[in-house]
Amino acid sequence: MDAPPNLGILMEQLLKRARECAQALKKQDEIKIVSHVDADGLAAASIICRALNKMEISNEIKIVKKLDLPVMQSVSGANAVMFTDLGSGSLDLMDDLGPVCIVADHHQPAGSSEMAFHLNPHLFGFNGATDLSGSGATYLIARALGDNVELSDLAVVGAVGDLQHVREGRLRGVNRLILDEAEKNAIVRAEKDLQAFGRQTRPVHKLLEYTSSPFIPGITGNSAQILELLASLNIELKEEGEWKKWVDLSSAERRSIISALIQRCLTAGMPPVRVQNLVGEVYTLLKEEPGTVLRDASEYATLLNATARYSFEKIGVDVCLGDRGGSYRKANELLLMHRENLVRGLNYVKQTGVTTLSNLQYFHAGDYILETIVGIVAGMCKNLEGVDRHLPIVGLANSDEGVKVSARGTQSLVERHLNLARAMSEAAHSVGGVGGGHDIAAGATIPEGTEAEFLKNLNRLVAQQVS
Ligand code: C5P
Ligand code: C5P
Ligand code: ZN
């Protein structure tokens with residue numbers, strides 16, 4: 001990787017820490033893995049599980065929503081615990097726990113950063129929202145354990161699941177090192193392509209119909225115009241009676257469609273910086289079957305979220321561990337339901353609209369949107385009419401433990417020092433809740449009834465950060 005010299009030194013230090021974590025793992029004969037309930041967390045747990053299985057080190061995966069005292073107590077009797085995609089916010093809970101603790105995380109650390117086996121990009125000058133994911137950090141340890149390059153695709157899936165490629169339209173930082181390794185070993189192929197979901201699995205016209213970032217004037221949601229456009233470009237929609245998928249088109253055909261889409265956006269007056277977002281890097285998993293969800297990193301990550309967010313995390317882990325039978329079929333069923341739920345959630349926000357304060361906008365979905373997907377919906381609705389693309393968006397939904405809050409910012413606000421992890425943590429504390437995450441995306445849980453006070457405080461904190 002061609003990094004500037006100081007970045008090279010930081011990378012060396014990060015890799016050294018990964019080797020130290022690997023050494024600590026090697027000494028164990030039994031390890032509990034505790035990981036986070038999302039695509040990145042599932043990928044992370046599976047990476048370390050597969051690496052340990054290869055070494056015949058017995059291990060067991062536990063996937064959790066958050067790391068709290070009951071979770072800690074449940075693993076306190078183990079000899080060693082590996083925390084992946086979480087842990088950096090709960091280091092103080094590990095101090096007197098008993099077992100050897102190893103943490104591979106990318107959330108902004110809270111409390112002491114003295115812990116020996118703590119691998120987190122933030123400790124080495126990297127950004128955990130863009131430069132390395134939880135599964136990426138875990139992969140660095142796996143590769144220090146032995147030749148585990150075949151697990152690099154899961155690290156790419158985790159990073160893409162956490163939208164780490166979105167900021168620059170490509171994976172960067174330490175993620176790039178992992179991607180380079182994956183490409184050299186013919187495990188992943190990165191290429192520039194249309195940023196649309198379902199390249200492997202959706203018929204071309206359907207894929208275009210659902211493009212949302214950016215929203216393409218006259219195309220998104222407009223099947224008649226799409227068919228007209230494709231006909232004008234002489235694109236055959238079917239081959240031997242089957243709908244062609246985006247990946248079935250020749251690169252010349254894909255280029256001609258992308259050019260036409262760019263032209264439409266520009267003609268409609270869309271600012272060129274937004275038009276650029278039409279194209280970005282996409283990641284093909286070369287060891288997976290072409291034409292399946294698992295062949296594309298973004299589709300794979302969505303499949304994992306479709307299991308994890310509905311308490312079927314074991315199904316997702318099974319898929320990452322190689323199941324292409326029962327668990328894989330079930331995961332595909334869950335994916336259909338997940339997509340419907342996202343559409344329903346988006347429609348809810350479209351219909352009810354958002355309430356705008358001076359420095360943020362929010363919607364409260366009550367019981368209408370599941371608390372486990374309100375963050376995904378919040379992230380998706382920045383392209384809706386009536387939603388201000390320049391303000392953070394905050395989604396609230398009821399949960400068993402109070403009210404779940406998910407906040408999503410923008411790149412330009414982050415450049416102006418927006419740090420949602422800090423603002424959400426502080427605003428949540430001010431009403432007796434907890435929060436954390438990344439500069440551009442963060443979450444919190446607050447007591448029911450404190451929403452107004454919380455939002456007022458959050459609005460003030462965001463104003464201070466970006467002033
Ligand atoms: O818990 P974890 O760190 O794995 O999740 C990261 C979260 O940050 C994801 O929900 C992802 O969608 C969000 N994110 C975002 N925009 C970015 C980067 C991350 O919404 N540019
Ligand atoms: O839950 P949501 O998708 O909104 O989370 C956004 C980011 O904030 C994720 O990285 C998540 O792990 C993190 N988060 C956190 N503490 C919370 C809630 C969410 O660190 N209490
Ligand atoms: Zn993560």
# chains A, B, ... in the order shown; residues from 1 in each chain; ligands from 1

$ residues_near_ligand --ligand "ligand 3" --cutoff "10 Å" --atoms "only C-alpha atoms and all ligand atoms" --output "PyMOL selection string"
chain A and resi 35-44+84-86+105-107+128-129+132-137+158-164+437-438

$ residues_around --residues "Thr355 (chain A)" --least-positions-apart "2" --cutoff "10 Å" --atoms "only C-alpha atoms" --output "PyMOL selection string"
chain A and resi 352-353+357+360-364+386-387+393-394

$ select_by_dssp --residues "region 70-300 of chain A" --states "helix (DSSP H, G or I)" --output "number ranges by chain"
A: 70-74, 91-93, 121-124, 134-145, 149-161, 174-184, 204-209, 223-232, 246-248, 251-267, 272-276, 293-295, 297-300

$ atom_distance --atom1 "CA of Ser399 (chain A)" --atom2 "CA of Thr307 (chain A)"
18.4 Å

$ select_by_dssp --residues "region 90-301 of chain A" --states "strand (DSSP E or B)" --output "number ranges by chain"
A: 100-104, 118-119, 188-194, 203, 238-239, 242-243, 245, 279-285, 296

$ write_last_selection --atoms "C-alpha atoms" --output "CSV table (one decimal), in the first residue's frame"
chain,number,residue,atom,x,y,z
A,100,VAL,CA,-7.7,-12.8,29.1
A,101,CYS,CA,-9.6,-10.2,27.0
A,102,ILE,CA,-8.7,-9.5,23.4
A,103,VAL,CA,-10.6,-6.7,21.6
A,104,ALA,CA,-10.8,-6.1,17.8
A,118,HIS,CA,-6.8,-3.9,22.2
A,119,LEU,CA,-6.8,-3.5,18.4
A,188,VAL,CA,-12.1,-10.2,-4.4
A,189,ARG,CA,-12.2,-8.0,-7.5
A,190,ALA,CA,-12.7,-4.3,-7.0
A,191,GLU,CA,-14.0,-2.2,-10.0
A,192,LYS,CA,-15.7,1.0,-10.7
A,193,ASP,CA,-19.3,0.6,-11.5
A,194,LEU,CA,-22.8,2.0,-11.0
A,203,PRO,CA,-33.0,-7.6,-13.4
A,238,LYS,CA,-33.7,-10.8,-21.7
A,239,GLU,CA,-31.4,-13.7,-22.7
A,242,GLU,CA,-34.4,-14.9,-18.5
A,243,TRP,CA,-34.1,-11.3,-17.3
A,245,LYS,CA,-28.9,-8.9,-14.4
A,279,VAL,CA,-20.2,5.6,-9.8
A,280,GLY,CA,-18.0,4.1,-7.2
A,281,GLU,CA,-16.1,0.9,-6.3
A,282,VAL,CA,-18.0,-2.3,-6.1
A,283,TYR,CA,-16.6,-5.6,-4.8
A,284,THR,CA,-17.1,-9.0,-6.3
A,285,LEU,CA,-16.3,-12.1,-4.2
A,296,ASP,CA,-21.4,-9.0,-4.3

$ residues_around --residues "Val405 (chain A)" --least-positions-apart "6" --cutoff "12 Å" --atoms "only C-alpha atoms" --output "PyMOL selection string"
chain A and resi 362-366+369-378+393-399+420-421+424-425+427-428+433-437+441-448+450-451+454-455+458

$ atom_distance --atom1 "CA of Ile31 (chain A)" --atom2 "CA of Ser58 (chain A)"
6.3 Å

$ closest_residue --among "A:Asn59, A:Thr410, A:Asn127, A:Gln465" --to "ligand 1" --atoms "only C-alpha atoms and all ligand atoms"
A:Thr410

$ atom_distance --atom1 "CA of Ser88 (chain A)" --atom2 "CA of Ala110 (chain A)"
6.4 Å

$ residues_around --residues "Phe126 (chain A)" --least-positions-apart "4" --cutoff "12 Å" --atoms "only C-alpha atoms" --output "PyMOL selection string"
chain A and resi 6-11+13-14+106-108+119-122+130-133+137+172-175

$ closest_residue --among "A:Glu114, A:Asp439, A:Glu401, A:Asp318" --to "ligand 1" --atoms "only C-alpha atoms and all ligand atoms"
A:Asp439

$ closest_residue --among "A:Arg274, A:Lys382, A:Arg17, A:Lys54" --to "ligand 1" --atoms "only C-alpha atoms and all ligand atoms"
A:Lys382

$ closest_residue --among "A:Ser90, A:Asn359, A:Asn222, A:Gln276" --to "ligand 2" --atoms "only C-alpha atoms and all ligand atoms"
A:Ser90
